[in-house]
Structure formats: C-alpha cells, structure tokens
Amino acid sequence: MAYVPIIDFSPFLDPSSTDENKKKTALEIDKACREIGFFYLSNHGVDEELRAAMLSRAKSFFENATEEEKKSISIKPAGTENGDDARGFQKVDGRGKGAHEVVDFFRPVETSTPPYETGLGQNLWPSTPNDFREVSEKYIDALFALATKVVQALALGLSVDESIFMSRIGKAFWNLRVLGYYPKPEGSVVGIGDHTDFGILTFLLTDPQKDSLLVLSKDGNWEPADPIPNCFLCNIGDMLSKWTDGIYKSTRHRVLHNSDTMRISVPFFFDPDWDAVISPVLPLDVEHREDEGILYREKFVKAIKYSVVT
Ligand SMILES: O=C(O)CCC(=O)C(=O)O
Ligand SMILES: [Fe+2]
C-alpha cells in the first residue's frame, strides 16, 4: 500500500550495523511520524512462528470459548470484585461505534490489592485455548523488547537525549488486545469507530484480510492500511504526539469490517510507565518543558472510562 511507508528495522537489531545505517533508519521513521503517523516495520526480529502462534490462539479463543467462559472473564467496574474497568473480555455491540469482541490484558501490577482502582486489577486469562496465556506472555516479551528499540530509534531520529524517553518506559504500561470482528450481521456495523490511540506506539498484528483498517490522510481521505506479510503496522499514540509537541501526529483510524469471514487482530499498545509525566521534548531550542506535562495514568483513566466501560 503506497500511502504508508515500509521501514526496514534491521540496522537496530544487527550488532554490526554502523551508526550511519541506524541514523538513516531513524530518519525514515521520523519522516513517517511527521507526515503520516503510521509506518510498516519489516525485519523487526519477532519470530514468525511466535506471531503465527499468537494469531492462532486469538482465533481459537473466538472460535471455541463458550459464552460462559467469556462471561467469567468479562470486564467489571472498578471497586467491584476483580473489577478494574479495563482488564478482561467485552462484547461491543454495533450501535454507533462498530461491533467487535475484545479481550484486554495489561502490565501486571504486583502491588495492588482488591478493590482495584481503574487499570490496576489482575489480568483475566482465558482457559481456551489452554496455552493462550503462555503464548501471549512470550509474545508480550518479544514486543516489549522491540518497542523499546523503536523508542531508541525515535530518540535518535529526533536528536533527543535517549534517557528522557528511556526513564519513562522501563515499566511501560503495555496493553495486549485481542480482537475478533465477526461476519457482518444484517443492519449493523462491524468494526471500531474513528479514534486515536492514547499511548506511545501501537504494533498491529492481524490476519491477512484486507480492506478493514482505514487511516485518515491529511487531505481527509480514509486510506486502507492492509496487512503486509511479516511486517508490523505501527502507529503513533497521543503520548508520543505530546512528547513531540504535536510534530508527530497520532493519526485517526477506524475499522470497517464488511465480510463473511471473521477477522482477528492483535494490537500491542506500548505506553509510558503508569506514573510517568509526559511533557514536550520539542522544539529542541527550548528547555524540556516539564511544567506542561500530563500524567499518563490520568490520561489512561479518562480514555478507559470513555471508551471501554459502558
Ligand atoms: O483491529 C485493528 O485493525 C485496529 C484496532 C484499533 O485501532 C484499536 O484497537 O485501537
Ligand atoms: Fe486504534
């Protein structure tokens, strides 16, 4: 797809690559972030078998989990038993925004005890299929390592002191999201409504179906961002936009799934540490403007209450 560029990430994985090669890749990412807010990442180092396993476990969950199991792991309001507004399964109906089913997992928070505050509960792992958790945790580790490297590349591309970013992602509050878009029933919209992601970067893994994910271009057209074999589709969230004072865009996107076949999609959202303050590091000729910061966890709570809990 011509609109979103494909960026070869191998210089950041190959220990023998030169600083010059790294800088070239970092500047390609920088350009995509300034102009589009989306890019495909190839040669990212995440094993093909692991990606296939993650997709197959997601598919197996939607094909085989019973309604009873889905109910047992469903998201519950914070303050109620096991509830934290955020972790677990939910079925979103097609009124307005677009129908889908979704299970959300977040970084575990060892220190919190029930009743949980928003976002700070325990992950509710499905038991269908029985190795869902094991595969997901391997996948999360791989994506966490990749995302950290991409953030290093962002710092290089921006000529920003890497430690400003690194000191705010050591315990990145990641979210693994497993989405099932069912075949379209009569008279409803299957998908996800127009939105921006609210973290730093999203890494999207989907099955090979086309024409579902649409990205809003600068001139106001919805451009398809179809899967490309062996690439992650990456996009910028609001936190990275804030870090760059809006120079990088968190681009609007939506899903419209008009098909007789179920679509499986697994976004990995890489977000700042729970307590991180995110403030502009750009423009480079002024001081890092700490006073204009936003607390990530406040952004999270607002975003979750608005988008997830119904
Ligand atoms: O399913 C997709 O292709 C994208 C999902 C998405 O945009 C989201 O969950 O934020
Ligand atoms: Fe999104």
# chains A, B, ... in the order shown; residues from 1 in each chain; ligands from 1

call {"tool": "select_by_dssp", "arguments": {"residues": "region 27-262 of chain A", "states": "strand (DSSP E or B)", "output": "MDAnalysis selection string"}}
result
chainID A and resid 38:42 74 88:92 99:106 172 175:181 190:195 201:206 213:216 222:224 232:236 253:256

call {"tool": "residues_around", "arguments": {"residues": "region 240-255 of chain A", "least_positions_apart": "4", "cutoff": "9 Å", "atoms": "only C-alpha atoms", "output": "PyMOL selection string"}}
result
chain A and resi 30+32-38+98+158+165+190-201+211-217+222+235-236+278-283+293-294

call {"tool": "write_last_selection", "arguments": {"atoms": "N, CA and C atoms", "output": "CSV table (one decimal), in the first residue's frame"}}
result
chain,number,residue,atom,x,y,z
A,30,ASP,N,11.3,8.9,11.5
A,30,ASP,CA,10.9,10.3,11.9
A,30,ASP,C,10.1,10.9,10.8
A,32,ALA,N,8.1,9.4,8.6
A,32,ALA,CA,6.8,8.8,8.6
A,32,ALA,C,5.9,9.3,9.7
A,33,CYS,N,6.6,9.5,10.9
A,33,CYS,CA,5.9,10.0,12.1
A,33,CYS,C,5.4,11.5,11.9
A,34,ARG,N,6.2,12.3,11.2
A,34,ARG,CA,5.8,13.7,10.9
A,34,ARG,C,4.7,13.8,9.9
A,35,GLU,N,4.8,12.9,8.9
A,35,GLU,CA,3.9,13.1,7.7
A,35,GLU,C,2.6,12.3,7.8
A,36,ILE,N,2.7,11.1,8.4
A,36,ILE,CA,1.6,10.2,8.3
A,36,ILE,C,1.1,9.6,9.7
A,37,GLY,N,2.1,9.4,10.6
A,37,GLY,CA,1.7,8.8,11.9
A,37,GLY,C,1.6,7.3,11.9
A,38,PHE,N,1.8,6.7,10.7
A,38,PHE,CA,1.7,5.2,10.5
A,38,PHE,C,2.9,4.8,9.7
A,98,GLY,N,-19.5,0.4,16.2
A,98,GLY,CA,-19.0,-0.8,15.4
A,98,GLY,C,-18.8,-1.9,16.4
A,158,LEU,N,15.0,12.0,16.4
A,158,LEU,CA,14.6,13.4,16.9
A,158,LEU,C,15.8,14.2,17.5
A,165,PHE,N,13.4,9.5,27.2
A,165,PHE,CA,12.4,8.5,26.9
A,165,PHE,C,12.5,7.2,27.7
A,190,VAL,N,-19.8,-3.6,11.7
A,190,VAL,CA,-18.7,-4.3,12.4
A,190,VAL,C,-17.4,-3.6,12.3
A,191,GLY,N,-16.8,-3.3,13.4
A,191,GLY,CA,-15.5,-2.6,13.4
A,191,GLY,C,-15.3,-1.8,14.7
A,192,ILE,N,-14.5,-0.8,14.5
A,192,ILE,CA,-14.2,0.1,15.7
A,192,ILE,C,-14.3,1.6,15.2
A,193,GLY,N,-15.0,2.4,15.9
A,193,GLY,CA,-15.2,3.8,15.5
A,193,GLY,C,-13.9,4.6,15.4
A,194,ASP,N,-13.9,5.7,14.7
A,194,ASP,CA,-12.8,6.6,14.4
A,194,ASP,C,-12.2,7.1,15.8
A,195,HIS,N,-10.9,6.9,15.9
A,195,HIS,CA,-10.2,7.2,17.2
A,195,HIS,C,-8.7,7.4,17.0
A,196,THR,N,-8.0,8.0,18.0
A,196,THR,CA,-6.6,7.9,18.0
A,196,THR,C,-6.2,6.9,19.2
A,197,ASP,N,-5.0,6.3,19.1
A,197,ASP,CA,-4.6,5.5,20.2
A,197,ASP,C,-3.9,6.5,21.2
A,198,PHE,N,-4.0,6.1,22.5
A,198,PHE,CA,-3.5,7.1,23.5
A,198,PHE,C,-2.2,6.9,24.1
A,199,GLY,N,-1.4,5.9,23.7
A,199,GLY,CA,-0.1,5.6,24.3
A,199,GLY,C,1.0,6.2,23.5
A,200,ILE,N,2.1,5.4,23.4
A,200,ILE,CA,3.3,5.9,22.7
A,200,ILE,C,3.2,5.4,21.3
A,201,LEU,N,3.3,4.0,21.1
A,201,LEU,CA,3.3,3.4,19.8
A,201,LEU,C,2.4,2.1,19.9
A,211,ASP,N,-8.9,-4.5,3.5
A,211,ASP,CA,-10.0,-3.6,3.4
A,211,ASP,C,-10.7,-3.4,4.7
A,212,SER,N,-10.1,-3.6,5.9
A,212,SER,CA,-10.8,-3.4,7.1
A,212,SER,C,-10.3,-2.2,7.9
A,213,LEU,N,-9.0,-2.0,8.0
A,213,LEU,CA,-8.4,-0.9,8.8
A,213,LEU,C,-8.2,0.3,7.8
A,214,LEU,N,-8.7,1.5,8.2
A,214,LEU,CA,-8.7,2.7,7.4
A,214,LEU,C,-8.0,3.8,8.2
A,215,VAL,N,-7.1,4.5,7.5
A,215,VAL,CA,-6.3,5.6,8.2
A,215,VAL,C,-6.7,6.9,7.5
A,216,LEU,N,-6.9,7.9,8.4
A,216,LEU,CA,-7.3,9.2,7.8
A,216,LEU,C,-6.1,10.0,7.3
A,217,SER,N,-6.1,10.3,6.1
A,217,SER,CA,-5.0,11.0,5.5
A,217,SER,C,-5.1,12.5,5.7
A,222,TRP,N,-10.1,8.4,3.8
A,222,TRP,CA,-9.8,7.2,4.5
A,222,TRP,C,-9.0,6.2,3.6
A,235,ASN,N,1.7,2.6,14.7
A,235,ASN,CA,1.1,4.0,14.6
A,235,ASN,C,1.4,4.7,16.0
A,236,ILE,N,1.3,6.0,15.8
A,236,ILE,CA,1.7,6.9,17.0
A,236,ILE,C,0.5,7.1,17.8
A,278,ILE,N,4.5,13.1,31.0
A,278,ILE,CA,4.9,13.2,29.6
A,278,ILE,C,4.8,14.7,29.2
A,279,SER,N,5.9,15.3,28.9
A,279,SER,CA,5.9,16.7,28.6
A,279,SER,C,6.8,16.9,27.3
A,280,PRO,N,6.5,18.0,26.6
A,280,PRO,CA,7.2,18.2,25.3
A,280,PRO,C,8.7,18.2,25.4
A,281,VAL,N,9.4,17.4,24.5
A,281,VAL,CA,10.8,17.5,24.4
A,281,VAL,C,11.2,18.3,23.2
A,282,LEU,N,10.3,18.8,22.5
A,282,LEU,CA,10.5,19.6,21.3
A,282,LEU,C,9.7,20.8,21.4
A,283,PRO,N,10.0,21.9,20.7
A,283,PRO,CA,11.1,22.1,19.8
A,283,PRO,C,12.4,22.1,20.6
A,293,GLY,N,3.6,19.1,31.5
A,293,GLY,CA,3.4,17.6,31.4
A,293,GLY,C,2.0,17.1,31.7
A,294,ILE,N,1.7,15.9,31.2
A,294,ILE,CA,0.5,15.3,31.6
A,294,ILE,C,0.8,13.9,32.2

call {"tool": "residues_around", "arguments": {"residues": "Val109 (chain A)", "least_positions_apart": "3", "cutoff": "10 Å", "atoms": "only C-alpha atoms", "output": "list of chain:residue names"}}
result
A:Phe106, A:Ser112, A:Thr113, A:Gly119, A:Leu120, A:Gly121, A:Gln122, A:Asn123, A:Phe173, A:Trp274

call {"tool": "atom_distance", "arguments": {"atom1": "CA of Pro5 (chain A)", "atom2": "CA of Thr25 (chain A)"}}
result
12.0 Å

call {"tool": "select_by_dssp", "arguments": {"residues": "region 119-157 of chain A", "states": "helix (DSSP H, G or I)", "output": "ChimeraX atom specification"}}
result
/A:132-157

call {"tool": "write_last_selection", "arguments": {"atoms": "C-alpha atoms", "output": "CSV table (one decimal), in the first residue's frame"}}
result
chain,number,residue,atom,x,y,z
A,132,PHE,CA,-3.3,-18.8,25.5
A,133,ARG,CA,-1.5,-17.2,28.4
A,134,GLU,CA,1.8,-18.9,27.8
A,135,VAL,CA,1.9,-17.8,24.1
A,136,SER,CA,0.7,-14.3,24.9
A,137,GLU,CA,3.4,-13.8,27.6
A,138,LYS,CA,6.1,-14.9,25.1
A,139,TYR,CA,4.6,-12.5,22.5
A,140,ILE,CA,4.4,-9.6,25.1
A,141,ASP,CA,8.1,-10.1,26.0
A,142,ALA,CA,9.1,-10.0,22.3
A,143,LEU,CA,7.0,-6.9,21.6
A,144,PHE,CA,8.3,-5.1,24.7
A,145,ALA,CA,11.9,-5.6,23.6
A,146,LEU,CA,11.0,-4.5,20.0
A,147,ALA,CA,9.1,-1.4,21.2
A,148,THR,CA,12.0,-0.4,23.5
A,149,LYS,CA,14.3,-0.4,20.5
A,150,VAL,CA,11.9,1.5,18.3
A,151,VAL,CA,11.7,4.2,21.1
A,152,GLN,CA,15.5,4.4,21.0
A,153,ALA,CA,15.3,4.9,17.2
A,154,LEU,CA,12.7,7.7,17.8
A,155,ALA,CA,15.2,9.4,20.2
A,156,LEU,CA,17.9,9.2,17.5
A,157,GLY,CA,15.7,10.4,14.8

call {"tool": "residues_around", "arguments": {"residues": "Tyr116 (chain A)", "least_positions_apart": "5", "cutoff": "8 Å", "atoms": "only C-alpha atoms", "output": "PyMOL selection string"}}
result
chain A and resi 78-80+82-84+121

call {"tool": "write_last_selection", "arguments": {"atoms": "C-alpha atoms", "output": "mmCIF file, in the first residue's frame"}}
result
data_model
loop_
_atom_site.group_PDB
_atom_site.id
_atom_site.type_symbol
_atom_site.label_atom_id
_atom_site.label_comp_id
_atom_site.auth_asym_id
_atom_site.auth_seq_id
_atom_site.Cartn_x
_atom_site.Cartn_y
_atom_site.Cartn_z
ATOM 1 C CA ALA A 78 -13.508 -0.845 39.396
ATOM 2 C CA GLY A 79 -14.326 -1.314 43.039
ATOM 3 C CA THR A 80 -16.377 -4.470 42.473
ATOM 4 C CA ASN A 82 -11.995 -8.384 40.462
ATOM 5 C CA GLY A 83 -13.161 -5.327 38.545
ATOM 6 C CA ASP A 84 -10.840 -2.575 37.324
ATOM 7 C CA GLY A 121 -6.529 -5.200 38.672
#

call {"tool": "atom_distance", "arguments": {"atom1": "CA of Glu20 (chain A)", "atom2": "CA of Ser159 (chain A)"}}
result
13.7 Å

call {"tool": "atom_distance", "arguments": {"atom1": "CA of Val46 (chain A)", "atom2": "CA of Pro229 (chain A)"}}
result
12.8 Å

call {"tool": "residues_around", "arguments": {"residues": "region 259-272 of chain A", "least_positions_apart": "6", "cutoff": "7 Å", "atoms": "only C-alpha atoms", "output": "list of chain:residue names"}}
result
A:Lys59, A:Ala147, A:Arg168, A:Ile169, A:Ala172, A:Phe173, A:Trp174, A:Asn175, A:Leu176, A:Arg177, A:Val178, A:Leu179, A:Gly180, A:Tyr181, A:Tyr182, A:Pro183, A:Lys184, A:Gly199, A:Ile200, A:Leu201, A:Thr202, A:Phe203, A:Leu204, A:Leu205, A:Thr206, A:Asp207, A:Gln209, A:Tyr296

call {"tool": "closest_residue", "arguments": {"among": "A:Lys171, A:Arg87, A:His257, A:Lys71", "to": "ligand 1", "atoms": "only C-alpha atoms and all ligand atoms"}}
result
A:His257
